[in-house]
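Asks: What follows is a single structure, and I will ask about it in a moment.
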Amino acid sequence: MNLIGLAIRSLLNRRFAVILTILTIALSIGLLVIVEQMRAEVRDGFYRSVSGTDLIVGARTAPVQLLLYSVFGIGDATNNISIETFEQLQALDEVDWAIPMALGDTHRGFRVMGTSGDFFERYRYADRQQLEVAAGREFDDLFEVVIGHQVARQLDYDVGDSVILAHGGGRVSLQQHDDHPFTISGILAPTGTPVDQQLYISLAAHRAIHIGWEQGVQRPGAGLDAEEARERTEELRPDSITAILIGLTSRAAVFGLQRRINDYRPEALTAIMPGITLQELWRITGLAEQVLRVVAGLVVLAGLLGMLTVLLTTLNERRREMAILRANGARPVQIAGLLVFEAGLIAAAGIVLGVVLAFVVQGISAPFLLERLGLHISASLPAGQVWMVLGGIWLAGLLIALVPALMAYRRTLADGMQVRN
Amino acid sequence: MQRHFPPIMLLMLFTSLPGILIAGELQRQHGAHVHGEATGSLAMDGGEIHIELDIPGVNLAGFEHPPRTEEQSETLERVIADLESARWLIADPRAECSIEKIEIATPGFERDEGHDHGHHHDDHDGHDHNERHGDHHDHGHSHDEGHHDIDHHGHEHAEFRIKVRLECSHPASLGWIDLELFDDYPANERMRIDVLTEALATRARLTPGRTRIDLR
């Protein structure tokens, strides 16, 4: 009978302790893989969300905050910028396009963005992909709304349905713009970015539903009725908007315009480059990531030490087993090899199980991230580098097994044959 | 927001400091001025590369006011000559780049408005610059970063503004650009360069041990 068969049978004989050891290693590996994978996936998700936008302009604020509230819907703006500033920026020679963003309203927890038709034309995500309307068309009438893929899916909406927007944020808002119901004119194709989590109306509509709301609540009778509003669409424009996405005609102009916007005299503005601001964000979160990695690494070490403990304790119980093998002609090297082989098998099983575990956890947490951040995280198998780390851990497992193997090598025969009391 | 992302709030504090220069109707605002840290940008459009650097005066010259002694005048001249020589700017030789234009401005180092090196600096809140500081020694503004400058003449911290335009014959082969502004200027501790190329939008942080901007 060969040694490998013997080893497997021996393991099966001690299956309870072995399974627990494998589970320990699997949990630690799972944690490590999740930390690595989620980090990469979340970063990809963020980078996918904005593409082709040279500058984002908002009221003077911290760059990261501007990026978070304009693109990712995290947090709120402290100030708005005046519409005149938007118009002046739009008119500049080096500005190819400018997308206005007027935020502040919601629909059942989803953000409503007042914007222009340029949004559908010019906004890019992932690898400079354009937005597509999957069903229906862009908004045309004043009281039409285009909704993101997730909004339609989660609220079960279809083209032609009527929706009422709420003033301010929150899932339950008592202040509804119920005098102006909107009709869904189109649903955007899925993008896997925060675009999926928003509703889009025209700037004029954004203004129209806020007439008479100057005090934060609607003055009775002060609102515009729908027909009147439609007739006056041309003159309806908001006084202020939340942010502007800008695309420039030449790359060389980006820094110059950024500086001019930051130095702009009439209004305190901040212009950011999305890519650089994201990088700044990672610089801080990077510290937390490193801590997580270290913790995950230590847990793996604990898992391997657990395996060592099990191997060492069972070594005593297996004195007789080893002695019988020796008596039957197995050489000490073979006994040592047997132990190393066992450890390799346990470690490999733990690693495979851990990867599977991480895969499952990612799959379970994906909907949560999609709902909270609009980030589409796919459960994926580890990338090349992670496999190398896992390979390293497996080798470490083999190295650790050398400890009991050496002990067995030295004492197998004499130890096992001696009769003790 | 605060609930979910407290570290981000901290980050905002730091990232909000640079790049904010002011003026006009908003009169009492000041850009952050960090001694020792220079900022800049590098934009690459086809074979054309635009580099702009803002380096605090103290980093290169050791002072931030119009020169008062012979020695300071000489130092200033020497620094300007060194900057104009562009010996500190080294591009990947494979790209065969040449310097088309180099402009050095030294706002804050001039004794009077008028003899500027290169272009004139845009004087933020330049409304009453001369009369106020020249005649009354009146400090109309405060240094917002809590740095106590005893200099009553300096209306703002003097700095070197460098603009370089490079033309490269083989821009696709350009792997890096070195800025060797550390060895000769120990006070120049850090440079933060925003980089924008076809493939890249990144922030390079240069230190005496790391003078290379990677463009790949």
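Going by the structure tokens order, chains are called A, B, ..., each with residues numbered from 1, while ligands are numbered from 1 in the order shown.
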Using only C-alpha atoms, I'd like a table of the residues in chain A that come within 7 Å of chain B; for each, show the closest atom pair and its distance in Å rounded to one decimal, ordered by chain and ascending number, as CSV.
Replies:
```
residue,atom,partner,partner_atom,distance
A:Thr61,CA,B:Ser16,CA,6.7
A:Ala62,CA,B:Ser16,CA,4.4
A:Pro63,CA,B:Ser16,CA,6.2
A:Val64,CA,B:Met12,CA,5.9
A:Gln65,CA,B:Met12,CA,6.5
A:Ile74,CA,B:Met1,CA,6.6
A:Gly75,CA,B:Met1,CA,5.0
A:Arg251,CA,B:Asp45,CA,5.9
A:Ala252,CA,B:Ala43,CA,5.3
A:Phe255,CA,B:Ser41,CA,6.9
A:Asn262,CA,B:Ile20,CA,5.7
A:Asp263,CA,B:Leu21,CA,5.0
A:Arg265,CA,B:Gly24,CA,4.8
A:Pro266,CA,B:Glu25,CA,5.7
A:Gly275,CA,B:Ala201,CA,5.3
A:Ile276,CA,B:Thr202,CA,4.9
A:Gln279,CA,B:Thr202,CA,6.9
A:Ile284,CA,B:Leu11,CA,6.5
```
Asks: Atoms to include: N, CA and C atoms. Write the selected residues as a compact mmCIF listing (two decimals), in the first residue's frame.
Replies:
```txt
# COMPACT_ATOMS: atom_id res chain seq x y z
N THR A 61 -15.25 73.81 -1.49
CA THR A 61 -15.35 72.72 -0.53
C THR A 61 -14.13 71.84 -0.69
N ALA A 62 -14.07 70.79 0.08
CA ALA A 62 -12.95 69.87 -0.06
C ALA A 62 -13.14 69.05 -1.33
N PRO A 63 -12.05 68.84 -2.09
CA PRO A 63 -12.17 68.10 -3.35
C PRO A 63 -12.86 66.74 -3.20
N VAL A 64 -12.48 66.00 -2.17
CA VAL A 64 -13.06 64.67 -2.04
C VAL A 64 -14.56 64.76 -1.77
N GLN A 65 -14.94 65.74 -0.97
CA GLN A 65 -16.36 65.88 -0.68
C GLN A 65 -17.15 66.23 -1.94
N ILE A 74 -22.89 60.52 -2.12
CA ILE A 74 -22.58 60.34 -0.70
C ILE A 74 -22.45 61.73 -0.09
N GLY A 75 -23.26 62.01 0.91
CA GLY A 75 -23.19 63.32 1.55
C GLY A 75 -23.90 64.38 0.73
N ARG A 251 -6.45 68.82 -23.50
CA ARG A 251 -5.97 68.39 -22.19
C ARG A 251 -5.07 69.45 -21.56
N ALA A 252 -4.35 70.16 -22.40
CA ALA A 252 -3.43 71.15 -21.87
C ALA A 252 -4.16 72.28 -21.16
N PHE A 255 -5.44 72.25 -16.47
CA PHE A 255 -4.87 72.86 -15.25
C PHE A 255 -5.09 74.37 -15.22
N ASN A 262 -10.63 78.07 -9.55
CA ASN A 262 -10.32 78.19 -8.13
C ASN A 262 -10.03 79.63 -7.72
N ASP A 263 -9.58 80.43 -8.68
CA ASP A 263 -9.28 81.84 -8.41
C ASP A 263 -10.44 82.76 -8.76
N ARG A 265 -13.17 85.25 -9.17
CA ARG A 265 -13.44 86.31 -8.21
C ARG A 265 -14.87 86.37 -7.68
N PRO A 266 -15.88 86.37 -8.57
CA PRO A 266 -17.24 86.62 -8.03
C PRO A 266 -17.75 85.51 -7.11
N GLY A 275 -10.00 61.97 -11.44
CA GLY A 275 -9.02 60.90 -11.25
C GLY A 275 -8.07 61.20 -10.10
N ILE A 276 -7.60 62.43 -10.03
CA ILE A 276 -6.65 62.80 -8.99
C ILE A 276 -7.33 62.82 -7.63
N GLN A 279 -7.70 59.39 -6.32
CA GLN A 279 -6.40 58.93 -5.82
C GLN A 279 -6.16 59.46 -4.40
N ILE A 284 -6.04 58.01 1.87
CA ILE A 284 -6.49 57.91 3.25
C ILE A 284 -7.10 56.54 3.53
```
Asks: Of the residues B:Phe109, B:Trp88, B:Phe182, B:Trp176, which is the one nearest to Glu37 (chain B), using only C-alpha atoms?
Replies: B:Phe182
Asks: Can you tell me, as number ranges by chain, what residues are no more than 7 Å from region 157-159 of chain B when counting only C-alpha atoms, ignoring any on the same chain fewer than 4 positions away?
Replies: B: 54-57, 64-65, 106-109
Asks: Identify, on the basis of only C-alpha atoms, every residue whose closest approach to Ala204 (chain A) does not exceed 7 Å; exclude the query and any residue fewer than 5 positions from it along the same chain; express the result as a list of chain:residue names.
Replies: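 The neighbour list is A:Leu142, A:Thr233, A:Leu236, A:Arg237, A:Pro238.
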Asks: Mind checking which residues fall within 9 Å of Gln176 (chain A), counting only C-alpha atoms, ignoring those fewer than 3 positions away in the same chain, and posting them as a list in words?
Replies: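 Near neighbours after the sequence-gap exclusion: Ile164, Leu165, Ala166, His167, Gly168, Ser173 and Asp179 of chain A.
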Asks: Residues as selected, N, CA and C atoms, written as an mmCIF file, in the first residue's frame, can you do that?
Replies:
```cif
data_model
loop_
_atom_site.group_PDB
_atom_site.id
_atom_site.type_symbol
_atom_site.label_atom_id
_atom_site.label_comp_id
_atom_site.auth_asym_id
_atom_site.auth_seq_id
_atom_site.Cartn_x
_atom_site.Cartn_y
_atom_site.Cartn_z
ATOM 1 N N ILE A 164 -44.185 60.885 -7.978
ATOM 2 C CA ILE A 164 -44.208 62.163 -7.271
ATOM 3 C C ILE A 164 -42.882 62.333 -6.560
ATOM 4 N N LEU A 165 -42.220 63.445 -6.795
ATOM 5 C CA LEU A 165 -40.918 63.689 -6.191
ATOM 6 C C LEU A 165 -41.101 64.308 -4.808
ATOM 7 N N ALA A 166 -40.120 64.073 -3.944
ATOM 8 C CA ALA A 166 -40.199 64.597 -2.581
ATOM 9 C C ALA A 166 -39.176 65.696 -2.394
ATOM 10 N N HIS A 167 -39.514 66.665 -1.595
ATOM 11 C CA HIS A 167 -38.596 67.759 -1.308
ATOM 12 C C HIS A 167 -37.619 67.279 -0.239
ATOM 13 N N GLY A 168 -36.358 67.378 -0.531
ATOM 14 C CA GLY A 168 -35.350 66.955 0.434
ATOM 15 C C GLY A 168 -35.093 65.466 0.370
ATOM 16 N N SER A 173 -40.558 61.118 3.113
ATOM 17 C CA SER A 173 -40.564 62.568 3.233
ATOM 18 C C SER A 173 -42.002 63.036 3.263
ATOM 19 N N ASP A 179 -48.157 68.378 -6.264
ATOM 20 C CA ASP A 179 -48.936 69.135 -7.248
ATOM 21 C C ASP A 179 -48.380 68.950 -8.656
#
```
Asks: Looking at B:Arg165, B:Arg190, B:Arg111, B:Arg94, which one is nearest to Leu60 (chain B), with distances taken over only C-alpha atoms?
Replies: B:Arg190
